[in-house]
Amino acid sequence: MKGRRQFFKIILGFFTTLITLKFYKIANAMNKLPYHHLSDGNFRNLPGSPKRQKYRGSSNFFSFFYKGIIKREMFGQKEIPDNIPQSHFIDEKEALVQFESNNNKISITWLGHAAFLIKLGSSHILTDPYLSKTAGPFGIGPNRFVKPGIKISNLPKINCILISHNHYDHLDAKTLLKLKNKDKITVFCPLKLSRTIHNLGYRNVIELDWYDRNSILDFDILAIPAYHWSRRLGQKYNSTLWNGYIIKYQEKKIYFSGDTAFGNMFTDIGNNYGPFDLTIVPIGAYLPREMMKSSHCTPEEAVLITKMLKSKNILGMHWGTIRLSAEDPWDPPRKFINAAKQKGYHDNNIWKMAIGETRSLI
C-alpha cells in the first residue's frame, strides 16, 4: 500500500512538472512577442491609442439598412454631395498629360481617397488602390462621387503596390483583379493578409510586420505602426495587421500613413526615422468623434502628426471621394490648410491636390 502511494506521488509529480513546464513555455513565448502581437494570433495598437466610445446614433439594423442602402444616406446626409466643386478634380485627359509630361525623378498623382500613383525614377507605386465604384463587398457600401484621377486601363506599368490594411476602401478586390501584369508586381501588405492578395492573382506578395524593411526594388520600404484596426467580411476583428509605410528613394523620404488615429507614437517615428520630405496623412472621416477618434485623426491632428514627423511638405488624403462620416465633405482641406498655416507651414509646402493632379517632389 505504501509503495502504491509512493508510485502515485511520483506520477502526480511527473505530470505536475510537465504542466508547469508547458505553461512556463507558453508564458515565456508570450513575453517574447512584440507588444502589438497577442497570444491568440490577433493584433492590437501600441499604447497611447485613442479608445473608441459607444456611438449613440441609430443602432437599429433595419433603419441603418433603409437609410444607407435604400435612401443612400449616411449620418443624415446624401451619399453623393450636391455641390462638388469643379476645382476638386481635373479631366482624365489633362491628368494623363500632367503625369506623362512630368520629367522629375519623383512625382505624386492623386487618384482619389488614399490611392496615389507615385513615380520614383522608372518605377511606379500604387498606394491603397481603391478605384472602383463601391467600397464594400457585393456592391454594398458607399459609392464614390468623383471618378478616379486615372482609370485602371490607362495606368502605367505598376511595379509595386502598398496595402495599408484590409478595409474595403483601401484593399479593393475589384481594382486589384483588373490591374495588368500581376505576375510582375510586388505587393507589400501587413501580416496575415497575403492569402487574400494571392487569391486575387498576385504571386509576389510580401508581408511586413512593424519595423520590417525591404529593399528588393530600387527603393526602400519600411512598415511602421498606425493606430487603427482591421476587419473584412468573414474575418474576426484585428486578425490581420495594419501598417503605415516609409518610402525611401535616393535622398528623399515619403511617409504614407494608411488610416490612422492620433497619438504620441508619431514623436518616436519622427525621432527615429525623420525628417521627411513629404507626409501623406488622412484628413477626412473624423466625425462623430466618439465613433471615429480611435480610427481617424482630425485635420488639425493630421497637421500635428506632420510636425511630430518633422516633415517639410504635407499632403492631406482620405477625403473628397466617398462619404464615410458626418462632417461636410469640403471641411477637411479648409481645416487642414488653416491648421498647417498656424503651425508655420508655407503655402508651397501645403499640398492641396485635385483628383488627377500630379505634383513633383523636388
# chains A, B, ... in the order shown; residues from 1 in each chain; ligands from 1
$ residues_around --residues "segment 149-162 of chain A" --least-positions-apart "6" --cutoff "7 Å" --atoms "only C-alpha atoms" --output "MDAnalysis selection string"
chainID A and resid 92 95 110:112 123:128 179 184:189 355:356
$ closest_atom_pairs --of "segment 101-197 of chain A" --to "segment 220-237 of chain A" --cutoff "8 Å" --atoms "only C-alpha atoms" --output "CSV"
residue,atom,partner,partner_atom,distance
A:Pro137,CA,A:Leu233,CA,7.7
A:His165,CA,A:Ser230,CA,6.6
A:Asn166,CA,A:Ser230,CA,6.1
A:His167,CA,A:Arg232,CA,6.3
A:Tyr168,CA,A:Arg232,CA,7.6
$ write_last_selection --atoms "N, CA and C atoms" --output "mmCIF file, in the first residue's frame"
data_model
loop_
_atom_site.group_PDB
_atom_site.id
_atom_site.type_symbol
_atom_site.label_atom_id
_atom_site.label_comp_id
_atom_site.auth_asym_id
_atom_site.auth_seq_id
_atom_site.Cartn_x
_atom_site.Cartn_y
_atom_site.Cartn_z
ATOM 1 N N PRO A 137 -18.232 44.880 -50.102
ATOM 2 C CA PRO A 137 -18.461 43.606 -50.794
ATOM 3 C C PRO A 137 -19.844 43.535 -51.429
ATOM 4 N N HIS A 165 -4.062 48.215 -45.039
ATOM 5 C CA HIS A 165 -4.893 47.346 -44.213
ATOM 6 C C HIS A 165 -6.031 46.817 -45.054
ATOM 7 N N ASN A 166 -6.902 46.024 -44.454
ATOM 8 C CA ASN A 166 -7.849 45.265 -45.268
ATOM 9 C C ASN A 166 -9.235 45.884 -45.418
ATOM 10 N N HIS A 167 -9.458 47.107 -44.993
ATOM 11 C CA HIS A 167 -10.762 47.726 -45.194
ATOM 12 C C HIS A 167 -11.018 47.957 -46.683
ATOM 13 N N TYR A 168 -12.287 47.947 -47.054
ATOM 14 C CA TYR A 168 -12.633 47.893 -48.471
ATOM 15 C C TYR A 168 -12.279 49.150 -49.249
#
$ residues_around --residues "Ser164 of chain A" --least-positions-apart "5" --cutoff "9 Å" --atoms "only C-alpha atoms" --output "list in words"
Thr127, Asp128, His170, Leu171, Phe188, Cys189, Pro190, Leu241, Trp242, Asn243, Gly244, Tyr245, Phe256, Ser257, Gly258 and Asp259 of chain A
